Amino acid sequence: MKGSTETTTSHGHPPLHTVKVLRRTPLNRVFAAVYLAAILALFYHHALTLVSSTSISSFLICISFLIADIVLAFMWSTTQSFRMRPVRRREFPENLKLVLDNPGEFPRLDVFICTADPYKEPPLGVVNTALSVMAYEYPTEKISVYVSDDGGSQLTLFAFMEAAKFAAHWLPFCRKKKIEERCPEAYFRSNYACCSETQNIKMKYEVMKQRIETTMEQGKVGYEWVTSEEEREALSKWTDKFTRQDHPTVIQVLLESGQDQDRSGRMMPNLIYVSRQKSRASPHQFKAGALNTLLRVSAIMTNAPIVLTLDCDMYSNNPVTLQHVLCYLSDPDMDSKLGYIQFPQRFHGLNKNDIYASEFKPLFVTNPAGMDGLAGSNYVGTGCFFRRRVFFGAHSSMVSPEIPELSPGHVVDKPIRSQEVLALAHHVAGCNYENESNWGSKVGFRYGSLVEDYYTGYRLQCEGWRSRFCQPDREAFLGDIPISLNDVLSQNKRWSIGLLEVAFSKYSPVTFGTMATGPLLALSYAHYAFWPIWSVPITIYGFLPQLALLINLPIFPKVSDPWFILYAFLFLGAYTQDFIDFVLAGGTVQRWWNEQRMWLIRGVTSYLFGLVEFSFKCLGFSTLGFNLTSKVVDDEQGKRYEQGTFEFGVASPMFVPLTMVAMVNLFSFLRGIIEISRGRRSIEEWFIEMFIAGFVVVNCWPIYEAMVMRKDKGRIHTKTTIISAVLVYALYTAASFTLKI
Ligand SMILES: O=c1ccn([C@@H]2O[C@H](COP(=O)(O)OP(=O)(O)O[C@H]3O[C@H](CO)[C@@H](O)[C@H](O)[C@H]3O)[C@@H](O)[C@H]2O)c(=O)[nH]1
Ligand SMILES: [Mn+2]
């Protein structure tokens, strides 16, 4: 139903959800046609200049800009897929009771939480993530939380032992007080109403926190807090031979629904700690491997039809999120190919103007809404509810797992602490279990890319599964963000490499995707797969016009030239549309400015390094791993972030091209100003070059500050500045020779 809201379902009851195509859709389409015409005109202009080029240098320059503009045009075409039919959905959980009469009918949920290193991902944070979902406003006995610990750490297990005890107080407290903020850390940080009960629970939280943190400081478990024989036995598995890369499976049932009760006498949810077996000899496939282990272990223990994947740096912010999901999954009219419901990745702790554009509004908000209007949003790794069935092949052709107990239809009829269940669970968590199986290729989360989330969602959509993008008014989940530029860019670099792995695989969205999902959705996936190639035009536009300015070689049309209008239109058109999209999605002007700045910065750092490292990997020079994003915050760093100051701090090689761009643009801009003011050059002739250089200089302001004005630890290392200066000089010399031929 285009342009209108669907109001009732065919069953005649009030709707569980509605969908509305955004009003700007027709305008988007018209603008796309106009912009396409402009792009074609630009290529015509390129062809003309290429044919009429008289020297090697002008030919080289033409070719460079042609390549840059081809990449830009390609990326532009991929973004159009997000603009053809963006939708906004709403759910009405209050109408759920019409289809689900009593709590007994509510489907069960298995939650998967991943963590991988207690020092980079403090266990207190992981525990908060788990507590926030255990406290869902939902029949507790229907919820099972599985924690995957790829760090294989006793410290994390200990933290969860404490959490299990605290949960017995926290869950009834949340229900009784009807609080919305069910992540304890977030709750106690907020402006909560103080009463003796709250004081009491806060004290209990503080005790837990202090024990977990002391254990972390000491680096080993303090046995004075270990109360039961069962706990002691579990911790004793950490022998001297136990290392992170080499250890047996540890599965510990911390809470069992049906056995353990909370303080008010209600059932507790299941809580299970899993550290899969690791051995240096078998690849563990990072997070995708961890999730597949949890898929199997949970199948043996509870086999819930709905699975939620959650990163340990993200907590539930809305206790009725699952009800929003059920508006789709319990709808009698549900599309049988509906596979997963994705919630946007939103973050807490962003500074006012979001200097690193960590919010990733286009990536996590606007684009998925566009894909949702086609066949469904991509999967972003966390905050996503799957139907378990989707992990076992296409809707029409199920791929059966090796043993019947793993099958999505299998009914578990034994308690989770029973010997048989535990033995089988250990077996399926073994590091050789997946050898010669379909896991990672046809079954479960897919292997082969560092962005297993993007890749898995894409492959599921290729199999015909659809998805929904769900944005309740109160954000469903909130995550942490990296707060130093190096962390931001390293994360981005990992994504870039992972995406290129898909782009250049046999499942490339351009070829395989177009056949499997149709051209529009394939374009969306291609947009991500080829994301890092933005570095090509950004780097070319970041250096070439400026070098031309320095060596006095005009390359763009003059202001009086009719082609000038085309350049102006292409630039202003793209920027204005981007701005409008950003603001309509609730962004502020400053945040948009920072978003476009970060796009430029990523262009010469993470995208570029990702592209280079990926090429090295293809040539067999290196192998690439999953470098975790650090979630630990240094106080001083935190303060600088709060104030909106860029954090360079470490001497990362990625800062070299960035500093070089800053220098080249500043020099050429100043040189241009001097020449023009002395009347040796005309602004009419040099306007585009001067505009580009000036635009970059304004964007680079924080870099100049960090290079020369700041004294704090977050400034740019002198080493980086010197290396960049030398390289800029070399580049200038090389350009003066080659471009003058
Ligand atoms: O060997 C590993 C490596 C990572 N993780 C977990 O994976 C999650 C994501 O890691 P993080 O360092 O936070 O990466 P981000 O770049 O912040 O994560 C984004 O990008 C990832 C893909 O690169 C997705 O998996 C995430 O869902 C998405 O939020 C964390 O919970 C980790 O504990 C593992 O369980 N095992
Ligand atoms: Mn993360």
# chains A, B, ... in the order shown; residues from 1 in each chain; ligands from 1
call {"tool": "residues_around", "arguments": {"residues": "A:His284", "least_positions_apart": "4", "cutoff": "10 Å", "atoms": "only C-alpha atoms", "output": "MDAnalysis selection string"}}
result
chainID A and resid 150 245 276:280 288:290 431:432 434
call {"tool": "write_last_selection", "arguments": {"atoms": "C-alpha atoms", "output": "PDB file, in the first residue's frame"}}
result
ATOM      1  CA  ASP A 150      35.671 -16.225  23.950  1.00  0.00           C
ATOM      2  CA  GLN A 245      43.660 -20.128  22.983  1.00  0.00           C
ATOM      3  CA  ARG A 276      33.607 -23.088  23.869  1.00  0.00           C
ATOM      4  CA  GLN A 277      36.579 -25.368  23.498  1.00  0.00           C
ATOM      5  CA  LYS A 278      39.576 -23.700  21.886  1.00  0.00           C
ATOM      6  CA  SER A 279      42.636 -25.201  20.334  1.00  0.00           C
ATOM      7  CA  ARG A 280      45.414 -23.517  18.401  1.00  0.00           C
ATOM      8  CA  ALA A 288      30.417 -16.073  14.008  1.00  0.00           C
ATOM      9  CA  GLY A 289      32.005 -19.197  15.478  1.00  0.00           C
ATOM     10  CA  ALA A 290      30.941 -18.165  18.967  1.00  0.00           C
ATOM     11  CA  CYS A 431      36.362 -27.144  18.585  1.00  0.00           C
ATOM     12  CA  ASN A 432      36.298 -29.939  16.026  1.00  0.00           C
ATOM     13  CA  GLU A 434      32.118 -28.254  12.806  1.00  0.00           C
TER      14      GLU A 434
END
call {"tool": "residues_around", "arguments": {"residues": "A:Tyr136", "least_positions_apart": "3", "cutoff": "10 Å", "atoms": "only C-alpha atoms", "output": "list of chain:residue names"}}
result
A:Leu131, A:Ser132, A:Val133, A:Pro139, A:Thr140, A:Ile143, A:Leu171, A:Cys174, A:Arg175, A:Glu180, A:Arg182, A:Ser316, A:Asn317, A:Asn318, A:Pro319, A:Val320, A:Thr321, A:Leu322, A:Gln323
call {"tool": "residues_near_ligand", "arguments": {"ligand": "ligand 2", "cutoff": "7 Å", "atoms": "only C-alpha atoms and all ligand atoms", "output": "PyMOL selection string"}}
result
chain A and resi 311+313+480+629
call {"tool": "residues_near_ligand", "arguments": {"ligand": "ligand 1", "cutoff": "7 Å", "atoms": "only C-alpha atoms and all ligand atoms", "output": "ChimeraX atom specification"}}
result
/A:113-117,148-150,285-287,290,311-313,380-382,450-453,491,494-495,626-630
call {"tool": "write_last_selection", "arguments": {"atoms": "N, CA and C atoms", "output": "compact mmCIF listing (two decimals), in the first residue's frame"}}
result
# COMPACT_ATOMS: atom_id res chain seq x y z
N ILE A 113 24.68 -13.55 24.21
CA ILE A 113 25.53 -12.39 24.48
C ILE A 113 26.99 -12.82 24.27
N CYS A 114 27.72 -12.05 23.48
CA CYS A 114 29.11 -12.41 23.18
C CYS A 114 30.06 -11.52 23.92
N THR A 115 31.09 -12.12 24.50
CA THR A 115 32.19 -11.31 25.02
C THR A 115 33.48 -12.05 24.69
N ALA A 116 34.59 -11.33 24.64
CA ALA A 116 35.79 -11.99 24.14
C ALA A 116 37.07 -11.65 24.88
N ASP A 117 37.02 -10.73 25.82
CA ASP A 117 38.25 -10.37 26.52
C ASP A 117 37.91 -9.53 27.75
N SER A 148 28.46 -16.15 25.78
CA SER A 148 29.61 -16.80 25.17
C SER A 148 30.86 -16.04 25.58
N ASP A 149 31.79 -16.73 26.23
CA ASP A 149 33.02 -16.06 26.65
C ASP A 149 34.20 -16.58 25.83
N ASP A 150 34.54 -15.84 24.78
CA ASP A 150 35.67 -16.22 23.95
C ASP A 150 36.99 -15.87 24.61
N GLN A 285 36.92 -18.93 14.10
CA GLN A 285 35.97 -18.11 13.33
C GLN A 285 35.37 -16.95 14.11
N PHE A 286 36.08 -16.47 15.08
CA PHE A 286 35.69 -15.27 15.80
C PHE A 286 34.23 -15.28 16.26
N LYS A 287 33.57 -14.14 16.08
CA LYS A 287 32.23 -14.04 16.66
C LYS A 287 31.23 -14.99 16.00
N ALA A 290 31.53 -18.19 17.62
CA ALA A 290 30.94 -18.16 18.97
C ALA A 290 29.42 -18.27 18.88
N ASP A 311 25.56 -7.81 21.55
CA ASP A 311 26.97 -7.65 21.91
C ASP A 311 27.05 -7.25 23.37
N CYS A 312 28.21 -7.54 23.98
CA CYS A 312 28.31 -7.24 25.41
C CYS A 312 28.42 -5.75 25.67
N ASP A 313 28.58 -4.94 24.61
CA ASP A 313 28.68 -3.50 24.84
C ASP A 313 27.34 -2.80 24.60
N VAL A 380 22.77 -6.11 11.67
CA VAL A 380 23.93 -5.33 12.13
C VAL A 380 24.63 -5.94 13.35
N GLY A 381 24.41 -7.22 13.60
CA GLY A 381 25.24 -7.92 14.57
C GLY A 381 24.72 -7.92 15.99
N THR A 382 23.89 -6.95 16.31
CA THR A 382 23.39 -6.88 17.67
C THR A 382 22.00 -6.27 17.65
N LEU A 450 35.03 -10.65 8.09
CA LEU A 450 35.17 -10.07 9.43
C LEU A 450 33.90 -9.33 9.85
N VAL A 451 33.02 -9.07 8.90
CA VAL A 451 31.71 -8.52 9.27
C VAL A 451 30.68 -9.62 9.09
N GLU A 452 30.74 -10.59 10.02
CA GLU A 452 29.87 -11.75 9.94
C GLU A 452 28.40 -11.35 9.97
N ASP A 453 28.11 -10.21 10.59
CA ASP A 453 26.71 -9.76 10.68
C ASP A 453 26.18 -9.39 9.29
N GLN A 491 38.23 0.20 14.24
CA GLN A 491 36.96 -0.52 14.09
C GLN A 491 36.49 -0.45 12.64
N ARG A 494 38.48 -2.61 10.30
CA ARG A 494 38.05 -4.01 10.36
C ARG A 494 36.80 -4.20 9.52
N TRP A 495 35.84 -3.27 9.67
CA TRP A 495 34.62 -3.38 8.86
C TRP A 495 34.98 -3.33 7.37
N PHE A 626 40.21 -10.39 14.11
CA PHE A 626 39.16 -9.53 14.62
C PHE A 626 39.74 -8.76 15.80
N ASN A 627 40.13 -7.51 15.59
CA ASN A 627 40.64 -6.72 16.71
C ASN A 627 39.46 -6.10 17.45
N LEU A 628 39.32 -6.50 18.69
CA LEU A 628 38.19 -6.00 19.47
C LEU A 628 38.27 -4.49 19.64
N THR A 629 37.10 -3.87 19.69
CA THR A 629 37.06 -2.46 20.01
C THR A 629 37.12 -2.34 21.53
N SER A 630 38.02 -1.48 22.02
CA SER A 630 38.16 -1.36 23.47
C SER A 630 36.96 -0.66 24.08
call {"tool": "closest_atom_pairs", "arguments": {"of": "stretch 572-609 of chain A", "to": "stretch 649-654 of chain A", "cutoff": "9 Å", "atoms": "only C-alpha atoms", "output": "JSON lines"}}
result
{"residue": "A:Val604", "atom": "CA", "partner": "A:Met654", "partner_atom": "CA", "distance": 8.0}
{"residue": "A:Thr605", "atom": "CA", "partner": "A:Met654", "partner_atom": "CA", "distance": 5.1}
{"residue": "A:Ser606", "atom": "CA", "partner": "A:Met654", "partner_atom": "CA", "distance": 7.0}
{"residue": "A:Leu608", "atom": "CA", "partner": "A:Met654", "partner_atom": "CA", "distance": 8.8}
{"residue": "A:Phe609", "atom": "CA", "partner": "A:Met654", "partner_atom": "CA", "distance": 7.2}
call {"tool": "residues_around", "arguments": {"residues": "A:Met267", "least_positions_apart": "6", "cutoff": "6 Å", "atoms": "only C-alpha atoms", "output": "list in words"}}
result
Glu141, Ser257 and Gln261 of chain A
call {"tool": "write_last_selection", "arguments": {"atoms": "N, CA and C atoms", "output": "mmCIF file, in the first residue's frame"}}
result
data_model
loop_
_atom_site.group_PDB
_atom_site.id
_atom_site.type_symbol
_atom_site.label_atom_id
_atom_site.label_comp_id
_atom_site.auth_asym_id
_atom_site.auth_seq_id
_atom_site.Cartn_x
_atom_site.Cartn_y
_atom_site.Cartn_z
ATOM 1 N N GLU A 141 10.215 -17.344 32.871
ATOM 2 C CA GLU A 141 10.592 -18.734 32.596
ATOM 3 C C GLU A 141 10.713 -19.004 31.100
ATOM 4 N N SER A 257 15.608 -22.064 35.293
ATOM 5 C CA SER A 257 14.206 -21.758 35.505
ATOM 6 C C SER A 257 13.514 -23.056 35.905
ATOM 7 N N GLN A 261 14.432 -19.485 42.120
ATOM 8 C CA GLN A 261 13.398 -18.461 42.227
ATOM 9 C C GLN A 261 14.001 -17.145 42.673
#
call {"tool": "closest_residue", "arguments": {"among": "A:Phe579, A:Tyr328, A:Tyr455, A:Trp439", "to": "A:Phe385", "atoms": "only C-alpha atoms"}}
result
A:Tyr328
call {"tool": "closest_residue", "arguments": {"among": "A:His324, A:Arg89, A:His247, A:Lys178", "to": "A:Ala135", "atoms": "only C-alpha atoms"}}
result
A:Lys178
call {"tool": "closest_residue", "arguments": {"among": "A:Tyr454, A:Ala299, A:Pro482, A:Leu48", "to": "A:Tyr528", "atoms": "only C-alpha atoms"}}
result
A:Tyr454
call {"tool": "closest_residue", "arguments": {"among": "A:Asn353, A:Gln577, A:Ser560, A:Ser677", "to": "A:Glu642", "atoms": "only C-alpha atoms"}}
result
A:Asn353
call {"tool": "residues_around", "arguments": {"residues": "A:Gln154", "least_positions_apart": "3", "cutoff": "12 Å", "atoms": "only C-alpha atoms", "output": "PyMOL selection string"}}
result
chain A and resi 117-118+123+149-151+157-161+212+215-216+219-223+231-239+242-244+250+252+273-275
call {"tool": "closest_residue", "arguments": {"among": "A:Tyr541, A:Tyr356, A:Phe392, A:Phe571", "to": "A:Arg602", "atoms": "only C-alpha atoms"}}
result
A:Tyr356
